[in-house]
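Chemist: Pasting a structure here, questions to come.
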Amino acid sequence: MKKILVPVDFSDHMRTVCKFALEIIKTTGGELRLFHAYFDFIIVHNSGFPYSIDASEMFNQEMLIKIREESKADMEKLAESLKEELRSQNITNVHILHTLTGGMPEEEILNISETYNPDLIIMGTRGKGEKDFLTGKVSSKVVQNATCRILTVPRDTEYHGFQNILYTTDFNDEDDSDLRRLIGLLKYYHPKIHCIHIDLDGNAPVDAARMQKLQQQFSDATEKNSSIVFEVIRHDDFLEGINEYAKDHNIDLIAVVNHRKSFLKRLFTTDHTRQLLFASDVPLFIFPGKTE
């Protein structure tokens, strides 16, 4: 990871998100770019906005300047605190950069991801049970449209490294290559990878045979940086099965492949990535797959 992009909103949760970013970039060295998009549009009177605000009283040019200056000050304060943390650890191979712009956060994150071309985007999410519409809307759109790898960090999550990683399979043709890519991407952590399938229809013999076939494609001699366990879990609900397994096995990270689906496929297939984004308290590592 040589370039990490971290969208920030200056909430208390940002300290945790930045902790993940620092720990990851320290393994290889490189750039950590903080990014913030502040709202720079004017809400006019009788615009239909739920809370109608008179532009002459609130969102005039002076107010927009104030918003930008406050965002700039918050950004510089955050960047300096991260630099100080690096200095305290005598780390010299990481550079902290920051970018500030106006606009809709989700749109601007996607714009800078195209121009900056990061290896990884790390962003906060609301976590299970939280009702933060804005954070959910932003993270969902970025995950759906970004073409690079993404790490989402729910609220109340602490960094413990990546010793136990969960990968779910529905036994598609890409499992072999996806698993090998995952091992390569996280080789610095020497993780234990839990490759599991949630059996929702009670078809245990067939699922067990498919899992055994997948397991045979991996060997200790080939996968030197990781150990892999393969398991079929019987459960009536996909999300509950994942969350229960993650809790029982101290899972630090859930890895999912974001295969891009056509509009019709999105209508008629379940989006497990989106489900996990809003219904799991475990960080998600989302890496792009093929377009379907």
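Starting from 1 in every chain, residues are counted up; chains themselves are A, B, ... following the order of the structure tokens, and ligands are numbered from 1 as listed.
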Taking 3 positions as the minimum chain separation for residues in the same chain, which residues sit within 10 Å of A:Val94 when counting only C-alpha atoms? Answer as a ChimeraX atom specification.
Modeler: /A:2-3,22,25-32,83,86,91,97
Chemist: Identify, with DSSP run on backbone atoms, the residues in stretch 23-244 of chain A assigned to strand (DSSP E or B), and express the list as a VMD selection string.
Modeler: chain A and resid 30 to 38 94 to 102 120 to 125 149 to 154 164 to 168 192 to 199 227 to 234
Chemist: I'd like the neighbourhood of A:Gln144 as a tab-separated table (two decimals) with C-alpha atoms, in the first residue's frame, where a residue qualifies if any of its atoms comes within 9 Å (using only C-alpha atoms), though same-chain residues fewer than 3 positions away should be ignored.
Modeler:
chain	number	residue	atom	x	y	z
A	139	SER	CA	-20.19	4.99	2.22
A	140	SER	CA	-22.76	3.08	0.18
A	141	LYS	CA	-22.22	5.19	-2.94
A	147	THR	CA	-12.80	0.93	-8.57
A	258	ASN	CA	-17.28	-6.42	-5.13
A	260	ARG	CA	-19.91	-5.25	-10.47
A	274	ARG	CA	-24.29	-3.75	1.12
Chemist: Find the residues near stretch 162-165 of chain A: any atom within 12 Å, counting only C-alpha atoms, skip ones fewer than 5 places away on the same chain, and give them as a ChimeraX atom specification.
Modeler: /A:20,23-24,179,182-183,185-196,225-229,242,245-256,282-285
Chemist: Rank A:Gln217, A:Arg181, A:Thr168, A:Ser81 by their smallest atom-to-atom distance to A:Val232, using only C-alpha atoms, and report the top residue only.
Modeler: A:Thr168
Chemist: For A:Val142, list every protein, DNA or RNA residue within 12 Å, evaluated using only C-alpha atoms, and leave out those in the same chain fewer than 4 positions away; present the list as a tab-separated table (two decimals) with N, CA and C atoms, in the first residue's frame.
Modeler:
chain	number	residue	atom	x	y	z
A	7	PRO	N	-11.09	9.69	3.62
A	7	PRO	CA	-12.10	10.75	3.75
A	7	PRO	C	-12.41	10.97	5.23
A	104	MET	N	-20.49	17.78	-2.72
A	104	MET	CA	-21.14	16.65	-2.07
A	104	MET	C	-20.08	15.61	-1.72
A	105	PRO	N	-20.00	15.16	-0.48
A	105	PRO	CA	-18.91	14.26	-0.05
A	105	PRO	C	-18.76	13.03	-0.92
A	106	GLU	N	-19.86	12.32	-1.21
A	106	GLU	CA	-19.74	11.08	-1.96
A	106	GLU	C	-19.23	11.33	-3.38
A	107	GLU	N	-19.67	12.42	-4.00
A	107	GLU	CA	-19.22	12.72	-5.35
A	107	GLU	C	-17.75	13.11	-5.37
A	108	GLU	N	-17.34	13.91	-4.39
A	108	GLU	CA	-15.96	14.39	-4.35
A	108	GLU	C	-14.98	13.27	-3.98
A	109	ILE	N	-15.41	12.34	-3.15
A	109	ILE	CA	-14.56	11.19	-2.83
A	109	ILE	C	-14.29	10.37	-4.08
A	110	LEU	N	-15.33	10.15	-4.87
A	110	LEU	CA	-15.16	9.40	-6.12
A	110	LEU	C	-14.29	10.17	-7.11
A	111	ASN	N	-14.45	11.50	-7.15
A	111	ASN	CA	-13.63	12.31	-8.06
A	111	ASN	C	-12.15	12.22	-7.71
A	112	ILE	N	-11.82	12.37	-6.43
A	112	ILE	CA	-10.40	12.34	-6.06
A	112	ILE	C	-9.85	10.93	-6.16
A	113	SER	N	-10.68	9.92	-5.99
A	113	SER	CA	-10.19	8.55	-6.14
A	113	SER	C	-9.77	8.28	-7.58
A	114	GLU	N	-10.41	8.96	-8.53
A	114	GLU	CA	-10.05	8.79	-9.94
A	114	GLU	C	-8.75	9.53	-10.27
A	121	ILE	N	-8.86	3.02	-0.09
A	121	ILE	CA	-9.66	4.05	0.58
A	121	ILE	C	-10.08	3.49	1.93
A	122	ILE	N	-9.85	4.24	2.98
A	122	ILE	CA	-10.29	3.84	4.32
A	122	ILE	C	-11.30	4.87	4.80
A	123	MET	N	-12.50	4.40	5.11
A	123	MET	CA	-13.53	5.34	5.53
A	123	MET	C	-14.39	4.77	6.64
A	124	GLY	N	-14.96	5.66	7.44
A	124	GLY	CA	-15.82	5.24	8.53
A	124	GLY	C	-17.21	4.91	8.05
A	125	THR	N	-17.86	3.99	8.78
A	125	THR	CA	-19.25	3.66	8.53
A	125	THR	C	-19.99	3.69	9.85
A	135	THR	N	-23.73	9.31	6.71
A	135	THR	CA	-22.59	8.40	6.63
A	135	THR	C	-22.95	7.16	5.81
A	136	GLY	N	-24.15	6.63	6.02
A	136	GLY	CA	-24.57	5.46	5.27
A	136	GLY	C	-24.69	5.74	3.79
A	137	LYS	N	-25.23	6.89	3.44
A	137	LYS	CA	-25.40	7.26	2.04
A	137	LYS	C	-24.05	7.43	1.36
A	138	VAL	N	-23.12	8.10	2.03
A	138	VAL	CA	-21.80	8.34	1.44
A	138	VAL	C	-21.05	7.04	1.25
A	146	ALA	N	-16.60	3.06	-6.53
A	146	ALA	CA	-15.14	3.15	-6.57
A	146	ALA	C	-14.54	1.89	-7.19
A	147	THR	N	-13.44	2.06	-7.89
A	147	THR	CA	-12.80	0.93	-8.57
A	147	THR	C	-11.57	0.41	-7.84
A	148	CYS	N	-11.23	1.02	-6.71
A	148	CYS	CA	-10.06	0.57	-5.95
A	148	CYS	C	-10.52	-0.19	-4.71
A	149	ARG	N	-9.57	-0.68	-3.94
A	149	ARG	CA	-9.89	-1.39	-2.71
A	149	ARG	C	-10.38	-0.41	-1.64
A	150	ILE	N	-11.27	-0.89	-0.79
A	150	ILE	CA	-11.87	-0.04	0.24
A	150	ILE	C	-11.87	-0.80	1.56
A	151	LEU	N	-11.52	-0.10	2.63
A	151	LEU	CA	-11.65	-0.64	3.99
A	151	LEU	C	-12.65	0.24	4.72
A	152	THR	N	-13.73	-0.36	5.21
A	152	THR	CA	-14.72	0.40	5.97
A	152	THR	C	-14.58	0.05	7.45
A	258	ASN	N	-16.20	-7.23	-4.58
A	258	ASN	CA	-17.28	-6.42	-5.13
A	258	ASN	C	-17.34	-6.64	-6.64
A	274	ARG	N	-23.47	-4.83	0.54
A	274	ARG	CA	-24.29	-3.75	1.12
A	274	ARG	C	-24.91	-4.18	2.45
A	277	LEU	N	-22.27	-3.97	5.05
A	277	LEU	CA	-21.88	-2.59	5.28
A	277	LEU	C	-22.75	-1.95	6.35
A	286	ILE	N	-13.03	-4.54	1.06
A	286	ILE	CA	-13.75	-4.75	-0.18
A	286	ILE	C	-12.77	-4.56	-1.35
Chemist: Give the answer as one residue: which of A:Ser11, A:Asn203, A:Thr273, A:Gln61 has the shortest atom-to-atom distance to A:Val143, using only C-alpha atoms?
Modeler: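 So, comparing all the options, the nearest one is A:Thr273.
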Chemist: Kindly give the distance, in Å, that separates atom CA of A:His36 and atom CA of A:Gln89, rounded to a single decimal.
Modeler: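 Atom CA of A:Gln89 lies at a distance of 26.1 Å from atom CA of A:His36.
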Chemist: Which one of A:Asn117, A:Ser88, A:Asn172, A:Ser71 sits closest to A:Gly102 if you count only C-alpha atoms?
Modeler: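 With only C-alpha atoms as the atom set, the closest residue is A:Ser71.
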Chemist: Go ahead and compute the interatomic distance for atom CA of A:His13 and atom CA of A:Thr99, in Å to one decimal.
Modeler: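 Here the two named atoms are 19.2 Å from each other.
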Chemist: Go through stretch 142-240 of chain A and collect every residue that DSSP, computed from the backbone, puts in alpha helix (DSSP H); the answer should be as a ChimeraX atom specification.
Modeler: /A:142-145,175-185,204-215,238-240
Chemist: Given the choices A:Asp281, A:Glu85, A:Asp9, A:Asp176, which gets closest to A:Arg155 if the distance is worked out from only C-alpha atoms?
Modeler: A:Asp281
Chemist: From the list A:Gly103, A:Val206, A:Ala279, A:Phe230, which residue is nearest A:Leu64 when using only C-alpha atoms?
Modeler: A:Gly103
Chemist: Considering only C-alpha atoms, can you say which of A:His95, A:Glu80, A:Glu158, A:Ile67 comes closest to A:Lys19?
Modeler: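 Answer, going by the shortest atom-to-atom distance: A:Glu158.
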Chemist: Just to confirm, what's the straight-line distance from atom CA of A:Gln275 to atom CA of A:Phe218 in Å (one decimal)?
Modeler: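 Rounded to one decimal, the two atoms are 28.9 Å apart.
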Chemist: Find the spatial neighbours of A:Leu78, counting only C-alpha atoms, within a cut-off of 9 Å - ignore same-chain residues fewer than 5 positions away - and output them as a count of residues only.
Modeler: 5
